[in-house]
$ cat data30.cif   # mmCIF, C-alpha atoms
data_my_file
#
loop_
_atom_site.label_atom_id
_atom_site.label_comp_id
_atom_site.auth_asym_id
_atom_site.auth_seq_id
_atom_site.Cartn_x
_atom_site.Cartn_y
_atom_site.Cartn_z
CA MET R 9 0.00 0.00 0.00
CA HIS R 10 2.91 2.34 0.71
CA GLN R 11 4.11 2.04 -2.91
CA LEU R 12 0.64 2.88 -4.20
CA ARG R 13 0.32 5.95 -1.98
CA GLN R 14 3.67 7.23 -3.26
CA ASP R 15 2.41 7.36 -6.86
CA PRO R 16 0.90 10.76 -7.78
CA ARG R 17 -1.65 9.09 -10.08
CA VAL R 18 -3.24 7.28 -7.14
CA GLY R 19 -5.88 8.99 -5.02
CA VAL R 20 -7.43 7.22 -2.04
CA VAL R 21 -5.91 3.90 -0.99
CA THR R 22 -7.74 1.70 1.49
CA GLY R 23 -7.25 -1.85 2.72
CA ALA R 24 -9.47 -4.74 3.77
CA ARG R 25 -9.12 -7.32 6.56
CA ASN R 26 -10.30 -10.23 4.42
CA GLY R 27 -12.21 -11.12 1.26
CA LEU R 28 -15.66 -10.45 2.71
CA ASP R 29 -14.60 -7.08 4.08
CA ALA R 30 -13.22 -6.21 0.64
CA LEU R 31 -16.50 -7.22 -1.00
CA ARG R 32 -18.51 -5.03 1.39
CA GLN R 33 -16.31 -2.02 0.62
CA LEU R 34 -16.40 -2.62 -3.13
CA ARG R 35 -20.18 -2.92 -3.15
CA GLY R 36 -20.62 0.24 -1.11
CA ASN R 37 -18.09 2.44 -2.88
CA ARG R 38 -16.80 2.94 -6.39
CA PHE R 39 -13.11 2.07 -6.87
CA ASP R 40 -11.13 2.29 -10.09
CA ALA R 41 -8.94 -0.70 -9.27
CA VAL R 42 -8.37 -3.35 -6.64
CA PHE R 43 -5.19 -5.28 -5.80
CA LEU R 44 -6.25 -8.77 -4.66
CA ASP R 45 -4.18 -11.37 -2.90
CA VAL R 46 -5.14 -14.81 -4.19
CA ASN R 47 -4.94 -16.26 -0.67
CA MET R 48 -7.33 -14.36 1.59
CA PRO R 49 -9.45 -15.63 4.48
CA GLN R 50 -13.24 -16.12 4.09
CA LEU R 51 -13.22 -15.31 0.37
CA ASP R 52 -10.10 -15.77 -1.74
CA GLY R 53 -9.03 -13.45 -4.53
CA ILE R 54 -10.23 -15.64 -7.39
CA GLU R 55 -13.67 -16.08 -5.79
CA LEU R 56 -13.93 -12.35 -5.06
CA ALA R 57 -12.99 -11.44 -8.64
CA ALA R 58 -15.74 -13.74 -9.94
CA VAL R 59 -18.29 -11.96 -7.71
CA LEU R 60 -17.03 -8.54 -8.80
CA ALA R 61 -17.70 -9.45 -12.44
CA GLY R 62 -21.40 -8.92 -11.69
CA LEU R 63 -21.00 -5.37 -10.39
CA LYS R 64 -22.28 -2.51 -12.52
CA HIS R 65 -19.06 -0.56 -11.96
CA ARG R 66 -16.53 -3.38 -11.75
CA PRO R 67 -13.07 -2.22 -10.67
CA LEU R 68 -10.01 -3.25 -12.62
CA ILE R 69 -8.27 -6.17 -10.94
CA VAL R 70 -4.60 -6.81 -10.26
CA PHE R 71 -3.77 -10.08 -8.55
CA VAL R 72 -0.90 -10.17 -6.08
CA THR R 73 0.37 -13.58 -5.03
CA ALA R 74 3.42 -15.60 -4.10
CA HIS R 75 2.58 -18.33 -6.63
CA ASP R 76 2.02 -18.37 -10.38
CA SER R 77 -0.35 -21.36 -10.35
CA HIS R 78 -3.50 -19.22 -10.62
CA ALA R 79 -2.37 -17.05 -13.53
CA ALA R 80 -4.64 -18.76 -16.07
CA GLU R 81 -7.69 -18.28 -13.83
CA ALA R 82 -6.74 -14.67 -13.21
CA TYR R 83 -6.50 -13.72 -16.86
CA ALA R 84 -9.72 -15.63 -17.62
CA LEU R 85 -11.34 -13.16 -15.21
CA ASP R 86 -9.90 -10.30 -17.29
CA ALA R 87 -7.29 -9.32 -14.71
CA VAL R 88 -5.19 -6.32 -15.70
CA ASP R 89 -2.05 -7.85 -14.22
CA TYR R 90 -0.74 -10.74 -12.11
CA VAL R 91 2.09 -9.65 -9.85
CA LEU R 92 4.31 -12.08 -7.98
CA LYS R 93 5.59 -11.35 -4.49
CA ALA R 94 7.86 -9.94 -3.23
CA LEU R 95 6.55 -6.74 -4.74
CA ARG R 96 9.21 -4.81 -6.62
CA ALA R 97 8.77 -1.11 -7.34
CA GLU R 98 8.98 -1.56 -11.11
CA ARG R 99 6.28 -4.27 -11.08
CA VAL R 100 3.93 -2.04 -9.09
CA GLN R 101 4.62 0.78 -11.56
CA ASP R 102 3.94 -1.57 -14.45
CA ALA R 103 0.61 -2.61 -12.94
CA LEU R 104 -0.35 1.05 -12.43
CA ASN R 105 0.62 1.82 -16.03
CA ARG R 106 -1.69 -0.94 -17.21
CA ILE R 107 -4.52 0.38 -15.05
CA GLU R 108 -3.99 3.90 -16.36
CA ARG R 109 -4.13 2.73 -19.97
CA ARG R 110 -7.43 0.94 -19.30
CA LEU R 111 -8.97 3.96 -17.57
CA LEU R 112 -7.83 6.66 -19.98
CA PRO R 113 -8.87 6.97 -23.64
CA ASP R 114 -6.29 6.19 -26.29
CA VAL R 115 -3.71 8.89 -26.80
CA PRO R 116 -3.86 10.50 -30.27
CA GLY R 117 -0.92 9.54 -32.44
CA GLU R 118 -0.38 6.09 -31.00
CA VAL R 119 0.92 3.42 -33.33
CA ASP R 120 -1.56 1.85 -35.71
CA ASP R 121 -0.82 -1.84 -35.11
CA ALA R 122 -2.26 -3.05 -38.41
CA ARG R 123 -0.39 -0.45 -40.44
CA VAL R 124 2.94 -1.22 -38.82
CA LEU R 125 2.53 -4.97 -39.05
CA GLU R 126 1.92 -4.68 -42.79
CA THR R 127 5.51 -3.46 -43.14
CA VAL R 128 7.12 -6.49 -41.49
CA ALA R 129 7.28 -10.14 -42.42
CA GLU R 130 4.30 -12.25 -41.43
CA ASP R 131 6.33 -14.92 -39.62
CA ASP R 132 6.13 -15.27 -35.84
CA LEU R 133 7.15 -12.17 -33.88
CA ALA R 134 8.92 -10.39 -36.73
CA ALA R 135 8.26 -7.37 -34.55
CA VAL R 136 7.18 -7.06 -30.93
CA LYS R 137 5.00 -4.35 -29.47
CA VAL R 138 6.49 -2.41 -26.57
CA ASP R 139 4.47 -0.26 -24.21
CA ASP R 140 6.60 1.86 -21.89
CA GLY R 141 3.70 3.71 -20.27
CA ARG R 142 4.20 6.81 -22.42
CA ARG R 143 3.88 5.41 -25.92
CA ARG R 144 3.40 2.19 -27.83
CA PHE R 145 5.75 1.22 -30.62
CA PHE R 146 7.26 -1.77 -32.39
CA VAL R 147 10.77 -3.16 -32.14
CA ARG R 148 11.72 -5.24 -35.13
CA ARG R 149 13.33 -8.58 -34.53
CA ASP R 150 16.35 -7.79 -36.69
CA ALA R 151 17.04 -4.67 -34.60
CA VAL R 152 17.30 -6.69 -31.36
CA GLN R 153 20.95 -7.24 -30.42
CA PHE R 154 20.19 -9.51 -27.49
CA ALA R 155 17.40 -10.27 -25.05
CA GLU R 156 18.04 -10.60 -21.33
CA SER R 157 15.78 -12.47 -18.91
CA HIS R 158 14.67 -10.68 -15.72
CA ARG R 159 12.28 -13.01 -13.90
CA ASP R 160 8.89 -12.38 -15.52
CA TYR R 161 10.31 -9.78 -17.94
CA VAL R 162 12.65 -9.68 -20.89
CA HIS R 163 14.89 -6.68 -21.54
CA LEU R 164 15.39 -6.16 -25.27
CA HIS R 165 18.66 -4.43 -26.14
CA ALA R 166 18.00 -2.91 -29.54
CA GLY R 167 19.32 -0.56 -32.18
CA GLY R 168 17.47 0.56 -35.27
CA GLU R 169 14.53 2.95 -35.19
CA ASN R 170 13.91 2.53 -31.44
CA PRO R 171 17.34 2.11 -29.84
CA GLY R 172 17.78 1.37 -26.17
CA VAL R 173 16.63 -1.19 -23.63
CA HIS R 174 12.94 -2.05 -23.81
CA VAL R 175 11.02 -4.06 -21.23
CA LEU R 176 8.72 -6.76 -22.52
CA ARG R 177 6.55 -9.08 -20.46
CA ILE R 178 7.16 -12.39 -22.20
CA PRO R 179 9.21 -15.47 -21.23
CA LEU R 180 12.64 -15.61 -22.84
CA SER R 181 11.83 -19.18 -23.87
CA VAL R 182 9.02 -17.90 -26.12
CA LEU R 183 11.36 -15.54 -27.95
CA GLU R 184 13.88 -18.36 -28.24
CA SER R 185 11.35 -20.70 -29.86
CA LYS R 186 10.17 -18.02 -32.32
CA TRP R 187 13.52 -16.44 -33.16
CA GLN R 188 16.02 -19.29 -33.18
CA LYS R 189 15.45 -19.91 -36.90
CA HIS R 190 16.18 -16.24 -37.59
CA GLY R 191 19.77 -16.09 -36.36
CA PHE R 192 19.23 -16.04 -32.59
CA LEU R 193 20.89 -18.42 -30.15
CA ARG R 194 20.23 -19.01 -26.44
CA VAL R 195 23.77 -18.95 -25.05
CA HIS R 196 22.85 -18.80 -21.37
CA ARG R 197 19.70 -19.13 -19.28
CA SER R 198 19.69 -15.32 -19.14
CA TYR R 199 20.69 -14.42 -22.70
CA LEU R 200 19.31 -14.88 -26.21
CA ILE R 201 21.66 -13.24 -28.71
CA ASN R 202 21.38 -12.11 -32.31
CA LEU R 203 24.42 -13.66 -34.00
CA ARG R 204 24.60 -10.77 -36.47
CA TYR R 205 25.77 -8.50 -33.65
CA VAL R 206 28.52 -10.78 -32.28
CA THR R 207 31.91 -9.07 -32.60
CA GLU R 208 34.16 -11.22 -30.43
CA LEU R 209 34.46 -14.45 -28.46
CA ALA R 210 36.63 -14.19 -25.37
CA ARG R 211 37.22 -15.65 -21.91
CA ASP R 212 37.08 -14.06 -18.50
CA PRO R 213 40.01 -14.28 -16.03
CA MET R 214 38.62 -17.60 -14.74
CA GLY R 215 38.50 -19.10 -18.23
CA ALA R 216 34.74 -18.94 -18.71
CA GLN R 217 33.44 -18.25 -22.19
CA LEU R 218 32.16 -14.75 -23.00
CA VAL R 219 30.59 -13.33 -26.13
CA ARG R 220 30.69 -9.66 -27.04
CA VAL R 221 27.41 -8.45 -28.49
CA ALA R 222 26.94 -4.79 -29.40
CA GLY R 223 29.79 -3.83 -27.08
CA GLN R 224 28.66 -5.87 -24.07
CA ASP R 225 30.33 -9.01 -22.75
CA LEU R 226 27.77 -11.70 -21.95
CA SER R 227 28.25 -15.02 -20.19
CA VAL R 228 28.01 -18.24 -22.19
CA SER R 229 27.08 -21.51 -20.51
CA ARG R 230 29.57 -24.36 -20.87
CA ARG R 231 26.93 -26.42 -22.61
CA MET R 232 26.46 -23.79 -25.34
CA ALA R 233 30.10 -22.73 -25.89
CA ALA R 234 30.81 -25.14 -28.75
CA ALA R 235 27.46 -24.47 -30.45
CA LEU R 236 28.11 -20.73 -30.25
CA ARG R 237 31.53 -21.05 -31.89
CA ASP R 238 30.04 -23.14 -34.69
CA ARG R 239 27.19 -20.70 -35.28
CA VAL R 240 29.50 -17.66 -35.24
CA ASP R 241 31.78 -19.35 -37.81
CA GLU R 242 28.76 -20.22 -39.94
CA THR R 243 27.42 -16.66 -39.76
CA SER R 244 30.85 -15.25 -40.68
CA ARG R 245 31.15 -17.56 -43.69
CA ARG R 246 27.66 -16.65 -44.86
CA GLY R 247 28.43 -12.95 -44.55
CA ALA R 248 31.68 -13.34 -46.48
CA ASN R 249 29.89 -15.19 -49.31
CA GLN R 250 27.25 -12.48 -49.51
CA ARG R 251 29.93 -9.77 -49.85
CA ARG R 252 31.60 -11.50 -52.82
#
$ encode --input "data30.cif" --output "structure tokens"
Amino acid sequence: MHQLRQDPRVGVVTGARNGLDALRQLRGNRFDAVFLDVNMPQLDGIELAAVLAGLKHRPLIVFVTAHDSHAAEAYALDAVDYVLKALRAERVQDALNRIERRLLPDVPGEVDDARVLETVAEDDLAAVKVDDGRRRFFVRRDAVQFAESHRDYVHLHAGGENPGVHVLRIPLSVLESKWQKHGFLRVHRSYLINLRYVTELARDPMGAQLVRVAGQDLSVSRRMAAALRDRVDETSRRGANQRR
């Protein structure tokens, strides 16, 4: 609750002792949004959300829980977000950004998804939509230098039309499955790299394999070291043939 009160977009913040107390307050007052713990006494968060679906002015729902086992149920109830404990400041901000976008009308000048997608290949995730809370835009797959896993987020390190680090809520494994046939390689549990941007293979002082991508040295797992060398050699040969 402290993190919510610190945000200037948030007005009144109130709490509830249990699920039934929350239901009484929500029926008697109009709230824009409610943060629900899945595990609450008397009436759990999933049950309460199902009841709230019948309200005339249903608040937007963000689930807060220590477990991810109820995520499917939560999104089936049209939850705005599903936040895992312990609550980090950036996850609370992300949830508030999502609430704000639901409550406010679309901002003029936002990206026309259909128009942009017509300009990219139709294969899986040729471009990914990024929403940073201020604007929505697309990052093309071929502009991504590498993707870095951060728990339930991926940080895309990109050049091109939208350079910088962009936060995307998608498992790194999904990007790996969609992008591996387009020159990407998972070299570490935390890193998926675009082989086009590899400039050097090196080792750290302890002898562990590193790969330099767009000026950054990234760790390579022992299991992937040989595969990385082979793929880098293959990419170099292909590039040399194309230049002839």
$ resolve_selection --input "data30.cif" --expression "the PyMOL selection byres ((chain R and resi 154-161) around 6)" --output "PDB file with C-alpha atoms, in the frame of the given file"
ATOM      1  CA  VAL R 152      17.300  -6.690 -31.360  1.00  0.00           C
ATOM      2  CA  GLN R 153      20.950  -7.240 -30.420  1.00  0.00           C
ATOM      3  CA  VAL R 162      12.650  -9.680 -20.890  1.00  0.00           C
ATOM      4  CA  HIS R 163      14.890  -6.680 -21.540  1.00  0.00           C
ATOM      5  CA  LEU R 164      15.390  -6.160 -25.270  1.00  0.00           C
ATOM      6  CA  HIS R 165      18.660  -4.430 -26.140  1.00  0.00           C
ATOM      7  CA  LEU R 176       8.720  -6.760 -22.520  1.00  0.00           C
ATOM      8  CA  ARG R 177       6.550  -9.080 -20.460  1.00  0.00           C
ATOM      9  CA  ILE R 178       7.160 -12.390 -22.200  1.00  0.00           C
ATOM     10  CA  LEU R 180      12.640 -15.610 -22.840  1.00  0.00           C
ATOM     11  CA  SER R 198      19.690 -15.320 -19.140  1.00  0.00           C
ATOM     12  CA  TYR R 199      20.690 -14.420 -22.700  1.00  0.00           C
ATOM     13  CA  LEU R 200      19.310 -14.880 -26.210  1.00  0.00           C
ATOM     14  CA  ILE R 201      21.660 -13.240 -28.710  1.00  0.00           C
ATOM     15  CA  ASN R 202      21.380 -12.110 -32.310  1.00  0.00           C
TER      16      ASN R 202
END
$ resolve_selection --input "data30.cif" --expression "the PyMOL selection byres ((chain R and resi 196) around 7)" --output "NGL selection string"
:R and (194-195 or 197-199 or 227-229)
$ atom_distance --input "data30.cif" --atom1 "atom CA of R:Val173" --atom2 "atom CA of R:Tyr205"
15.4 Å
$ resolve_selection --input "data30.cif" --expression "the PyMOL selection byres ((chain R and resi 105) around 12)" --output "ChimeraX atom specification"
/R:12,15,17-18,41,70,88-89,98-104,106-112,139-143
$ write_last_selection --input "data30.cif" --atoms "C-alpha atoms" --output "PDB file, keeping the file's coordinate frame"
ATOM      1  CA  LEU R  12       0.640   2.880  -4.200  1.00  0.00           C
ATOM      2  CA  ASP R  15       2.410   7.360  -6.860  1.00  0.00           C
ATOM      3  CA  ARG R  17      -1.650   9.090 -10.080  1.00  0.00           C
ATOM      4  CA  VAL R  18      -3.240   7.280  -7.140  1.00  0.00           C
ATOM      5  CA  ALA R  41      -8.940  -0.700  -9.270  1.00  0.00           C
ATOM      6  CA  VAL R  70      -4.600  -6.810 -10.260  1.00  0.00           C
ATOM      7  CA  VAL R  88      -5.190  -6.320 -15.700  1.00  0.00           C
ATOM      8  CA  ASP R  89      -2.050  -7.850 -14.220  1.00  0.00           C
ATOM      9  CA  GLU R  98       8.980  -1.560 -11.110  1.00  0.00           C
ATOM     10  CA  ARG R  99       6.280  -4.270 -11.080  1.00  0.00           C
ATOM     11  CA  VAL R 100       3.930  -2.040  -9.090  1.00  0.00           C
ATOM     12  CA  GLN R 101       4.620   0.780 -11.560  1.00  0.00           C
ATOM     13  CA  ASP R 102       3.940  -1.570 -14.450  1.00  0.00           C
ATOM     14  CA  ALA R 103       0.610  -2.610 -12.940  1.00  0.00           C
ATOM     15  CA  LEU R 104      -0.350   1.050 -12.430  1.00  0.00           C
ATOM     16  CA  ARG R 106      -1.690  -0.940 -17.210  1.00  0.00           C
ATOM     17  CA  ILE R 107      -4.520   0.380 -15.050  1.00  0.00           C
ATOM     18  CA  GLU R 108      -3.990   3.900 -16.360  1.00  0.00           C
ATOM     19  CA  ARG R 109      -4.130   2.730 -19.970  1.00  0.00           C
ATOM     20  CA  ARG R 110      -7.430   0.940 -19.300  1.00  0.00           C
ATOM     21  CA  LEU R 111      -8.970   3.960 -17.570  1.00  0.00           C
ATOM     22  CA  LEU R 112      -7.830   6.660 -19.980  1.00  0.00           C
ATOM     23  CA  ASP R 139       4.470  -0.260 -24.210  1.00  0.00           C
ATOM     24  CA  ASP R 140       6.600   1.860 -21.890  1.00  0.00           C
ATOM     25  CA  GLY R 141       3.700   3.710 -20.270  1.00  0.00           C
ATOM     26  CA  ARG R 142       4.200   6.810 -22.420  1.00  0.00           C
ATOM     27  CA  ARG R 143       3.880   5.410 -25.920  1.00  0.00           C
TER      28      ARG R 143
END
$ atom_distance --input "data30.cif" --atom1 "atom CA of R:Tyr83" --atom2 "atom CA of R:Leu44"
13.2 Å
$ residues_around --input "data30.cif" --residues "R:Gly23" --least-positions-apart "3" --cutoff "10 Å" --atoms "all atoms listed in the file" --output "ChimeraX atom specification"
/R:9,26,29-30,33,42-43
$ atom_distance --input "data30.cif" --atom1 "atom CA of R:Tyr90" --atom2 "atom CA of R:Gly27"
17.6 Å
$ residues_around --input "data30.cif" --residues "R:Lys137" --least-positions-apart "5" --cutoff "7 Å" --atoms "all atoms listed in the file" --output "number ranges by chain"
R: 144-147
$ residues_near_point --input "data30.cif" --point "(17.1, -6.6, -38.3)" --cutoff "10 Å" --atoms "only C-alpha atoms" --output "VMD selection string"
chain R and resid 134 to 135 147 to 153 166 to 168 190 202 204
$ residues_around --input "data30.cif" --residues "R:Gly215" --least-positions-apart "3" --cutoff "12 Å" --atoms "all atoms listed in the file" --output "mmCIF file with C-alpha atoms, in the coordinates of the input"
data_model
loop_
_atom_site.group_PDB
_atom_site.id
_atom_site.type_symbol
_atom_site.label_atom_id
_atom_site.label_comp_id
_atom_site.auth_asym_id
_atom_site.auth_seq_id
_atom_site.Cartn_x
_atom_site.Cartn_y
_atom_site.Cartn_z
ATOM 1 C CA LEU R 209 34.460 -14.450 -28.460
ATOM 2 C CA ALA R 210 36.630 -14.190 -25.370
ATOM 3 C CA ARG R 211 37.220 -15.650 -21.910
ATOM 4 C CA ASP R 212 37.080 -14.060 -18.500
ATOM 5 C CA LEU R 218 32.160 -14.750 -23.000
ATOM 6 C CA SER R 227 28.250 -15.020 -20.190
ATOM 7 C CA VAL R 228 28.010 -18.240 -22.190
ATOM 8 C CA SER R 229 27.080 -21.510 -20.510
ATOM 9 C CA ARG R 230 29.570 -24.360 -20.870
ATOM 10 C CA ALA R 233 30.100 -22.730 -25.890
#
$ closest_residue --input "data30.cif" --among "R:Leu203, R:Ile54, R:Ala87, R:Val20" --to "R:Ala235" --atoms "all atoms listed in the file"
R:Leu203
$ decode --input "data30.cif" --residues "stretch 217-230 of chain R" --atoms "N, CA, C and O atoms" --output "short mmCIF file (atom, residue, chain, number, x, y, z; two decimals), in the first residue's frame"
data_model
loop_
_atom_site.label_atom_id
_atom_site.label_comp_id
_atom_site.auth_asym_id
_atom_site.auth_seq_id
_atom_site.Cartn_x
_atom_site.Cartn_y
_atom_site.Cartn_z
N GLN R 217 33.70 -18.81 -20.88
CA GLN R 217 33.44 -18.25 -22.19
C GLN R 217 32.57 -17.00 -22.10
O GLN R 217 31.60 -16.94 -21.35
N LEU R 218 32.94 -15.98 -22.87
CA LEU R 218 32.16 -14.75 -23.00
C LEU R 218 31.91 -14.50 -24.48
O LEU R 218 32.68 -14.93 -25.34
N VAL R 219 30.85 -13.77 -24.77
CA VAL R 219 30.59 -13.33 -26.13
C VAL R 219 30.29 -11.84 -26.09
O VAL R 219 29.55 -11.37 -25.23
N ARG R 220 30.94 -11.10 -26.99
CA ARG R 220 30.69 -9.66 -27.04
C ARG R 220 29.62 -9.38 -28.08
O ARG R 220 29.77 -9.72 -29.26
N VAL R 221 28.54 -8.78 -27.62
CA VAL R 221 27.41 -8.45 -28.49
C VAL R 221 27.11 -6.96 -28.33
O VAL R 221 26.81 -6.51 -27.22
N ALA R 222 27.23 -6.23 -29.43
CA ALA R 222 26.94 -4.79 -29.40
C ALA R 222 27.70 -4.09 -28.27
O ALA R 222 27.14 -3.25 -27.57
N GLY R 223 28.94 -4.48 -28.07
CA GLY R 223 29.79 -3.83 -27.08
C GLY R 223 29.66 -4.33 -25.66
O GLY R 223 30.34 -3.83 -24.77
N GLN R 224 28.82 -5.34 -25.42
CA GLN R 224 28.66 -5.87 -24.07
C GLN R 224 29.12 -7.32 -24.01
O GLN R 224 28.82 -8.11 -24.90
N ASP R 225 29.86 -7.64 -22.95
CA ASP R 225 30.33 -9.01 -22.75
C ASP R 225 29.30 -9.80 -21.97
O ASP R 225 28.96 -9.44 -20.83
N LEU R 226 28.82 -10.88 -22.56
CA LEU R 226 27.77 -11.70 -21.95
C LEU R 226 28.32 -13.09 -21.65
O LEU R 226 29.13 -13.63 -22.40
N SER R 227 27.82 -13.68 -20.58
CA SER R 227 28.25 -15.02 -20.19
C SER R 227 27.66 -16.06 -21.13
O SER R 227 26.54 -15.92 -21.62
N VAL R 228 28.45 -17.11 -21.37
CA VAL R 228 28.01 -18.24 -22.19
C VAL R 228 28.10 -19.49 -21.33
O VAL R 228 29.12 -19.74 -20.68
N SER R 229 27.05 -20.28 -21.29
CA SER R 229 27.08 -21.51 -20.51
C SER R 229 28.06 -22.50 -21.15
O SER R 229 28.28 -22.48 -22.37
N ARG R 230 28.64 -23.36 -20.34
CA ARG R 230 29.57 -24.36 -20.87
C ARG R 230 28.91 -25.23 -21.93
O ARG R 230 29.51 -25.59 -22.92
#
